[in-house]
file final_23.pdb (PDB, C-alpha atoms)
ATOM      1  CA  MET M  21     134.855 117.312  74.111
ATOM      2  CA  GLN M  22     131.992 116.307  76.399
ATOM      3  CA  ASN M  23     131.693 117.699  79.910
ATOM      4  CA  THR M  24     131.796 114.596  82.102
ATOM      5  CA  SER M  25     131.239 116.471  85.369
ATOM      6  CA  ASN M  26     127.639 117.241  84.331
ATOM      7  CA  ASN M  27     127.040 113.596  83.436
ATOM      8  CA  VAL M  28     128.442 112.403  86.773
ATOM      9  CA  THR M  29     126.318 114.940  88.653
ATOM     10  CA  LYS M  30     123.228 113.944  86.692
ATOM     11  CA  LYS M  31     123.793 110.217  87.323
ATOM     12  CA  THR M  32     124.412 110.816  91.043
ATOM     13  CA  SER M  33     121.307 112.959  91.248
ATOM     14  CA  THR M  34     119.240 110.321  89.455
ATOM     15  CA  ALA M  35     120.550 107.596  91.768
ATOM     16  CA  LYS M  36     119.602 109.690  94.800
ATOM     17  CA  GLU M  37     116.132 110.296  93.376
ATOM     18  CA  VAL M  38     115.588 106.593  92.699
ATOM     19  CA  ALA M  39     116.825 105.675  96.189
ATOM     20  CA  LEU M  40     114.625 108.306  97.826
ATOM     21  CA  MET M  41     111.553 107.226  95.829
ATOM     22  CA  GLY M  42     112.187 103.602  96.767
ATOM     23  CA  LEU M  43     112.373 104.597 100.419
ATOM     24  CA  LEU M  44     109.178 106.680 100.252
ATOM     25  CA  ILE M  45     107.270 103.910  98.457
ATOM     26  CA  ALA M  46     108.496 101.415 101.068
ATOM     27  CA  ILE M  47     107.367 103.693 103.904
ATOM     28  CA  VAL M  48     103.841 103.891 102.462
ATOM     29  CA  PHE M  49     103.741 100.148 101.816
ATOM     30  CA  VAL M  50     104.950  99.217 105.313
ATOM     31  CA  ALA M  51     102.571 101.687 106.992
ATOM     32  CA  THR M  52      99.688 100.217 104.990
ATOM     33  CA  LYS M  53     100.640  96.567 105.462
ATOM     34  CA  PHE M  54     101.726  96.437 109.068
ATOM     35  CA  ILE M  55      99.724  99.160 110.773
ATOM     36  CA  ASN M  56      96.171  98.325 109.727
ATOM     37  CA  ILE M  57      92.817  97.157 111.016
ATOM     38  CA  PRO M  58      90.350  95.406 108.682
ATOM     39  CA  GLY M  59      87.204  97.459 108.230
ATOM     40  CA  ILE M  60      83.741  96.420 109.282
ATOM     41  CA  THR M  61      82.490  96.839 105.711
ATOM     42  CA  GLU M  62      83.454  94.826 102.640
ATOM     43  CA  GLY M  63      85.561  97.565 101.038
ATOM     44  CA  GLY M  64      87.120  99.064 104.135
ATOM     45  CA  LEU M  65      90.586  98.793 105.601
ATOM     46  CA  PHE M  66      91.847 101.259 108.183
ATOM     47  CA  HIS M  67      95.595 101.754 107.870
ATOM     48  CA  PHE M  68      98.400 104.205 108.587
ATOM     49  CA  GLY M  69      99.392 104.314 104.928
ATOM     50  CA  ASN M  70      97.341 107.500 104.759
ATOM     51  CA  VAL M  71      99.528 109.114 107.402
ATOM     52  CA  ALA M  72     102.648 108.278 105.401
ATOM     53  CA  HIS M  73     101.028 109.261 102.093
ATOM     54  CA  PHE M  74      99.773 112.631 103.362
ATOM     55  CA  THR M  75     103.054 113.421 105.138
ATOM     56  CA  ILE M  76     105.180 112.615 102.086
ATOM     57  CA  ALA M  77     102.969 114.713  99.794
ATOM     58  CA  ILE M  78     103.120 117.678 102.191
ATOM     59  CA  ILE M  79     106.880 117.476 102.799
ATOM     60  CA  PHE M  80     108.153 116.317  99.398
ATOM     61  CA  GLY M  81     105.554 117.729  96.999
ATOM     62  CA  LYS M  82     103.194 116.448  94.364
ATOM     63  CA  ARG M  83     105.376 114.060  92.331
ATOM     64  CA  ARG M  84     106.775 112.179  95.284
ATOM     65  CA  GLY M  85     103.450 112.278  97.112
ATOM     66  CA  ALA M  86     101.631 110.964  94.065
ATOM     67  CA  LEU M  87     104.098 108.212  93.182
ATOM     68  CA  SER M  88     104.814 106.987  96.707
ATOM     69  CA  GLY M  89     101.125 106.724  97.590
ATOM     70  CA  ALA M  90     100.125 105.154  94.278
ATOM     71  CA  MET M  91     102.940 102.624  94.150
ATOM     72  CA  GLY M  92     103.099 101.828  97.869
ATOM     73  CA  MET M  93      99.382 101.222  98.294
ATOM     74  CA  ALA M  94      98.921  99.478  94.932
ATOM     75  CA  LEU M  95     101.789  97.169  95.874
ATOM     76  CA  PHE M  96      99.981  96.412  99.128
ATOM     77  CA  ASP M  97      96.840  95.510  97.145
ATOM     78  CA  ILE M  98      98.832  93.312  94.760
ATOM     79  CA  LEU M  99     100.368  91.383  97.655
ATOM     80  CA  SER M 100      97.084  90.994  99.550
ATOM     81  CA  PRO M 101      93.648  89.473  98.988
ATOM     82  CA  TRP M 102      92.601  92.868  97.533
ATOM     83  CA  ILE M 103      94.579  92.504  94.295
ATOM     84  CA  VAL M 104      91.583  93.507  92.134
ATOM     85  CA  TRP M 105      91.680  96.929  93.802
ATOM     86  CA  ALA M 106      95.294  97.630  92.726
ATOM     87  CA  PRO M 107      94.586  99.532  89.471
ATOM     88  CA  PHE M 108      91.919 101.652  91.163
ATOM     89  CA  THR M 109      94.141 102.291  94.182
ATOM     90  CA  PHE M 110      97.013 103.312  91.927
ATOM     91  CA  ILE M 111      94.943 105.935  90.094
ATOM     92  CA  ILE M 112      93.099 107.230  93.165
ATOM     93  CA  ARG M 113      96.244 107.522  95.291
ATOM     94  CA  LEU M 114      98.195 109.074  92.423
ATOM     95  CA  LEU M 115      95.554 111.803  92.168
ATOM     96  CA  MET M 116      95.345 112.242  95.944
ATOM     97  CA  GLY M 117      99.089 112.628  96.446
ATOM     98  CA  GLY M 118      99.369 114.949  93.475
ATOM     99  CA  ILE M 119      96.607 117.202  94.778
ATOM    100  CA  ILE M 120      97.898 117.294  98.362
ATOM    101  CA  GLY M 121     101.430 118.080  97.216
ATOM    102  CA  HIS M 122     100.280 120.645  94.663
ATOM    103  CA  VAL M 123      98.092 122.545  97.131
ATOM    104  CA  ALA M 124     100.695 122.304  99.917
ATOM    105  CA  TYR M 125     103.280 123.874  97.595
ATOM    106  CA  MET M 126     101.012 126.616  96.191
ATOM    107  CA  ASN M 127     102.521 129.275  98.424
ATOM    108  CA  ASP M 128     106.100 130.183  99.214
ATOM    109  CA  LYS M 129     106.122 128.096 102.411
ATOM    110  CA  ARG M 130     106.456 124.834 100.384
ATOM    111  CA  GLY M 131     104.380 122.516 102.560
ATOM    112  CA  ARG M 132     104.671 124.555 105.735
ATOM    113  CA  ASN M 133     101.300 126.329 105.598
ATOM    114  CA  PHE M 134      98.797 124.463 107.779
ATOM    115  CA  ALA M 135      95.721 125.892 106.005
ATOM    116  CA  TYR M 136      97.008 124.867 102.559
ATOM    117  CA  ASN M 137      97.874 121.403 103.865
ATOM    118  CA  ILE M 138      94.353 120.970 105.252
ATOM    119  CA  ALA M 139      92.837 122.202 101.985
ATOM    120  CA  GLY M 140      94.899 119.679 100.012
ATOM    121  CA  ILE M 141      93.802 116.824 102.258
ATOM    122  CA  VAL M 142      90.131 117.880 102.071
ATOM    123  CA  ILE M 143      90.249 117.875  98.257
ATOM    124  CA  ALA M 144      92.097 114.534  98.296
ATOM    125  CA  THR M 145      89.435 113.087 100.633
ATOM    126  CA  VAL M 146      86.747 113.965  98.106
ATOM    127  CA  ILE M 147      88.824 112.282  95.387
ATOM    128  CA  MET M 148      89.189 109.190  97.568
ATOM    129  CA  ILE M 149      85.489 108.954  98.367
ATOM    130  CA  VAL M 150      84.385 109.438  94.761
ATOM    131  CA  GLY M 151      87.163 107.248  93.377
ATOM    132  CA  TYR M 152      86.553 104.289  95.643
ATOM    133  CA  TYR M 153      82.792 104.657  95.255
ATOM    134  CA  ILE M 154      83.181 104.337  91.473
ATOM    135  CA  ALA M 155      85.692 101.496  91.857
ATOM    136  CA  GLU M 156      83.390  99.562  94.169
ATOM    137  CA  GLY M 157      80.442 100.172  91.854
ATOM    138  CA  ILE M 158      82.441  98.790  88.929
ATOM    139  CA  LEU M 159      83.819  95.801  90.845
ATOM    140  CA  TYR M 160      80.509  94.787  92.414
ATOM    141  CA  GLY M 161      78.180  95.912  89.628
ATOM    142  CA  ASN M 162      76.066  97.716  92.206
ATOM    143  CA  TRP M 163      75.883 101.479  92.730
ATOM    144  CA  ILE M 164      74.031 101.347  96.064
ATOM    145  CA  ALA M 165      76.339  99.005  97.995
ATOM    146  CA  PRO M 166      79.342 101.395  97.856
ATOM    147  CA  VAL M 167      77.454 103.845 100.084
ATOM    148  CA  GLN M 168      78.501 101.682 103.072
ATOM    149  CA  SER M 169      82.163 102.513 102.392
ATOM    150  CA  ILE M 170      81.799 106.291 102.379
ATOM    151  CA  MET M 171      81.988 106.812 106.155
ATOM    152  CA  PRO M 172      84.960 104.437 106.685
ATOM    153  CA  ASN M 173      86.813 106.236 103.874
ATOM    154  CA  VAL M 174      86.053 109.615 105.450
ATOM    155  CA  MET M 175      87.274 108.336 108.821
ATOM    156  CA  GLN M 176      90.482 106.992 107.239
ATOM    157  CA  CYS M 177      91.239 110.458 105.903
ATOM    158  CA  VAL M 178      90.231 112.248 109.107
ATOM    159  CA  VAL M 179      92.475 110.042 111.266
ATOM    160  CA  GLY M 180      95.245 110.188 108.663
ATOM    161  CA  ALA M 181      95.041 113.987 108.585
ATOM    162  CA  ALA M 182      94.848 114.262 112.382
ATOM    163  CA  ILE M 183      98.192 112.475 112.631
ATOM    164  CA  ALA M 184      99.892 113.603 109.391
ATOM    165  CA  LEU M 185      99.264 117.338 109.775
ATOM    166  CA  PRO M 186     101.066 117.805 113.109
ATOM    167  CA  PHE M 187     103.689 115.203 112.173
ATOM    168  CA  SER M 188     104.386 117.049 108.896
ATOM    169  CA  THR M 189     104.852 120.286 110.810
ATOM    170  CA  VAL M 190     107.293 118.688 113.252
ATOM    171  CA  LEU M 191     109.165 116.900 110.450
ATOM    172  CA  ALA M 192     109.402 120.026 108.281
ATOM    173  CA  ASN M 193     110.716 122.064 111.217
ATOM    174  CA  ALA M 194     113.238 119.348 112.123
ATOM    175  CA  MET M 195     114.449 119.149 108.524
ATOM    176  CA  LYS M 196     114.763 122.939 108.370
ATOM    177  CA  ALA M 197     116.665 123.039 111.686
ATOM    178  CA  ARG M 198     119.123 120.443 110.394
ATOM    179  CA  GLY M 199     119.576 122.249 107.099
ATOM    180  CA  VAL M 200     117.887 119.558 104.993
ATOM    181  CA  GLN M 201     116.406 121.268 101.957
ATOM    182  CA  VAL M 202     113.729 119.312 100.138
ATOM    183  CA  GLU M 203     114.130 121.646  97.153
ATOM    184  CA  SER M 204     117.662 120.392  96.587
ATOM    185  CA  ILE M 205     116.377 116.852  96.100
ATOM    186  CA  GLU M 206     113.392 117.709  93.897
ATOM    187  CA  PHE M 207     112.794 115.848  90.644
TER     188      PHE M 207
END
call {"tool": "encode", "arguments": {"input": "final_23.pdb", "output": "structure tokens"}}
result
Amino acid sequence: MQNTSNNVTKKTSTAKEVALMGLLIAIVFVATKFINIPGITEGGLFHFGNVAHFTIAIIFGKRRGALSGAMGMALFDILSPWIVWAPFTFIIRLLMGGIIGHVAYMNDKRGRNFAYNIAGIVIATVIMIVGYYIAEGILYGNWIAPVQSIMPNVMQCVVGAAIALPFSTVLANAMKARGVQVESIEF
């Protein structure tokens, strides 16, 4: 005889995970789409999607950080004039979110160590700069032109980190105070 209580629990857990991932992807998409300023260079767009992406990776870990950033920002590209960037954005943001979440969770504080969170964002910034440089070089067939996008990409990450780091701390403390355990909703 099969134990149906385990199957019900597993299905409920899976439904919660799917719902949470949908919400996190939507948060990144909305922050990218509706809170943005077109950049002064061809490849630049300043948006708050980075704030959402960094915060989610720090609070919820590498899988959710990777998937929400990759899917939310690639979806933005698909639904905008920047559709050709979508595959590059997906890969770059997947790597960025994975790195931020991995580094943030390297210690026992699980995203609550400010130094680890900064380190994750610094590594992710390097990934973003290199990734978009290569993407722009491929798309435009020119390896000199992408240099103009380096500083706007750095500034995107600096502003994103300046907002996401304190916000992540406040959010993590609020979740802890209310008894919300991210570990209990891990994949």
call {"tool": "atom_distance", "arguments": {"input": "final_23.pdb", "atom1": "CA of Thr52 in chain M", "atom2": "CA of Phe96 in chain M"}}
result
7.0 Å
call {"tool": "closest_residue", "arguments": {"input": "final_23.pdb", "among": "M:Pro107, M:Gly69, M:Gly131, M:Gly157", "to": "Cys177 in chain M", "atoms": "all atoms listed in the file"}}
result
M:Gly69
call {"tool": "atom_distance", "arguments": {"input": "final_23.pdb", "atom1": "CA of Val174 in chain M", "atom2": "CA of Asp128 in chain M"}}
result
29.4 Å
call {"tool": "atom_distance", "arguments": {"input": "final_23.pdb", "atom1": "CA of Phe54 in chain M", "atom2": "CA of Gly89 in chain M"}}
result
15.4 Å
call {"tool": "residues_around", "arguments": {"input": "final_23.pdb", "residues": "Ile143 in chain M", "least_positions_apart": "4", "cutoff": "8 Å", "atoms": "all atoms listed in the file", "output": "MDAnalysis selection string"}}
result
chainID M and resid 116 119:120 139 147
call {"tool": "resolve_selection", "arguments": {"input": "final_23.pdb", "expression": "the PyMOL selection byres ((chain M and resi 140) around 8)", "output": "count of residues only"}}
result
14
call {"tool": "resolve_selection", "arguments": {"input": "final_23.pdb", "expression": "the PyMOL selection byres ((chain M and resi 34-51) around 12)", "output": "ChimeraX atom specification"}}
result
/M:27-33,52-57,66-77,79-80,83-100,113,117,180,202,204-207
call {"tool": "closest_residue", "arguments": {"input": "final_23.pdb", "among": "M:Lys82, M:Pro58, M:Ala182, M:Met148", "to": "Phe134 in chain M", "atoms": "all atoms listed in the file"}}
result
M:Ala182
call {"tool": "closest_residue", "arguments": {"input": "final_23.pdb", "among": "M:Gln168, M:Gly151, M:Arg130, M:Trp105", "to": "Gln201 in chain M", "atoms": "only C-alpha atoms"}}
result
M:Arg130
call {"tool": "resolve_selection", "arguments": {"input": "final_23.pdb", "expression": "the PyMOL selection byres ((chain M and resi 167) around 12)", "output": "ChimeraX atom specification"}}
result
/M:61-64,149-150,152-157,162-166,168-174
call {"tool": "closest_residue", "arguments": {"input": "final_23.pdb", "among": "M:Asn133, M:Val146, M:Leu159, M:Gly118", "to": "Ala192 in chain M", "atoms": "all atoms listed in the file"}}
result
M:Asn133
